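As structure tokens, the structure follows; a few thoughts come after it.
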Amino acid sequence: MNIKKYNRSSGILLHPTSLPGMWDMGDFGKSAFAFIDFLNSTNQKLWQILPLTIPDNVDSPYASSSAFAGNTVLISPEELEKYNLVSKKDILELESKFTSNANRKEKLFKIAFKNYEKKNILIDEYEEFKEKESYWLEYTVIFLLLKEEFNNVSWKNFPEEFKSYKNISNVWKEKNRNKLEKIKFKQFLFYYQWENIRKYSQSKNVEIIG
């Protein structure tokens, strides 16, 4: 087994949600890039993160429903605006509403998905993501949709025909194709923004670990 060797280095442990951010929590927006700049300017070499996976019912990412799917509340509205998937007006309208971060972002994702379909924004990147992540993506989004439809109960309590992927009918998949595609698209946005942060971190000689 190859074990990576590190030179003596210092860094900071910080989950992206603890950064300053829009709508009560940090995300993959400008604060994340600013934090990398801070690490670089203070000669810190490591940014240790905590899990970025979907949290459980008590918001713990250590008991996630998926080892692969990312926590989509970390998606930055500001970055979505840069891709022309949402407008400044969309963001400001949602900012004025008294609702949770997750609810606001869910509404923003719906706008982003409509604009993706209408304007074909990031279409090549999205298709590449689906192909690259095909070994987990389809199975996971089906599971996430079932969790949503069955009020987040354990898969053991799903109706019998949904307890195993191979038993799920093609009729059900086709009927829910649009819902499944929206979940896939959210996962794409998560991974696309996270990859941009990773690349920026590398360019600043800061390694993300953990």
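Here's how to read the names in the structure tokens: chain A, B, ... by the order shown, residue numbers from 1 in each chain, ligand numbers from 1 in the order shown.
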For this session: Can you list, as a PyMOL selection string, all residues belonging to region 11-210 of chain A that DSSP tags as strand (DSSP E or B)?
Result: chain A and resi 11-13+46-48+53+70+207-209
For this session: Quick one: everything within 8 Å of region 144-158 of chain A, counting only C-alpha atoms, minus sequence neighbours fewer than 4 positions away in the same chain. Send it as a PyMOL selection string.
Result: chain A and resi 140+162-163+179-180+183
Exercise. With distances taken over only C-alpha atoms, which of A:Ser201, A:Ser66, A:Gln193, A:Thr17 is nearest to Ile142 (chain A)?
Worked result: A:Ser66
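Minimum atom-to-atom distance to Lys82 (chain A), evaluated using only C-alpha atoms, belongs to A:Gly29 out of A:Glu207, A:Leu137, A:Gly29, A:Ser10.
What separates CA of Pro51 (chain A) from CA of Gln202 (chain A) is a distance of 19.4 Å.
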Exercise. What's the 10 Å shell around Phe185 (chain A), counting only C-alpha atoms, without same-chain residues fewer than 4 positions away, as a count of residues only?
Worked result: 14
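Pairwise distance (CA of Ser65 (chain A), CA of Lys184 (chain A)) equals 15.4 Å.
Nearest to Arg198 (chain A) of all the residues A:Ile36, A:Met22, A:Val58, A:Leu122 is A:Ile36, based on only C-alpha atoms.
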Problem set entry | DSSP-assigned helix (DSSP H, G or I) members of region 94-173 of chain A, reported as a ChimeraX atom specification | /A:94-95,101-119,123-132,137-149,155-157,160-162,165-167,170-173
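CA of Gly21 (chain A) to CA of Lys118 (chain A) spans 28.9 Å [interatomic distance, one decimal].
Nearest residue to Ala67 (chain A), choosing from A:Glu128, A:Glu160, A:Trp136, A:Gln187 and counting only C-alpha atoms: A:Trp136.
If you count only C-alpha atoms and ignore residues fewer than 2 places along the chain from Leu39 (chain A), what sits within 12 Å of it is Ser9, Ser10, Gly11, Ile12, Leu13, Leu14, Ala32, Phe33, Ala34, Phe35, Ile36, Asp37, Ser41, Thr42, Asn43, Gln44, Lys45, Leu46, Trp47, Gln48, Ser201, Gln202, Lys204, Asn205, Val206, Glu207 and Ile208 of chain A.
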For this session: Find the spatial neighbours of Gly26 (chain A), counting only C-alpha atoms, within a cut-off of 10 Å - ignore same-chain residues fewer than 4 positions away - and output them as a PyMOL selection string.
Result: chain A and resi 15-22+30-32+73-76
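Residue nearest Ser96 (chain A) within the list A:Trp23, A:Trp194, A:Phe188, A:Trp172: A:Trp23 [criterion: smallest interatomic distance, only C-alpha atoms].
Proximity of A:Tyr135, A:Ala69, A:Leu94, A:Asp56 to Ile111 (chain A), computed with only C-alpha atoms, is greatest for A:Leu94.
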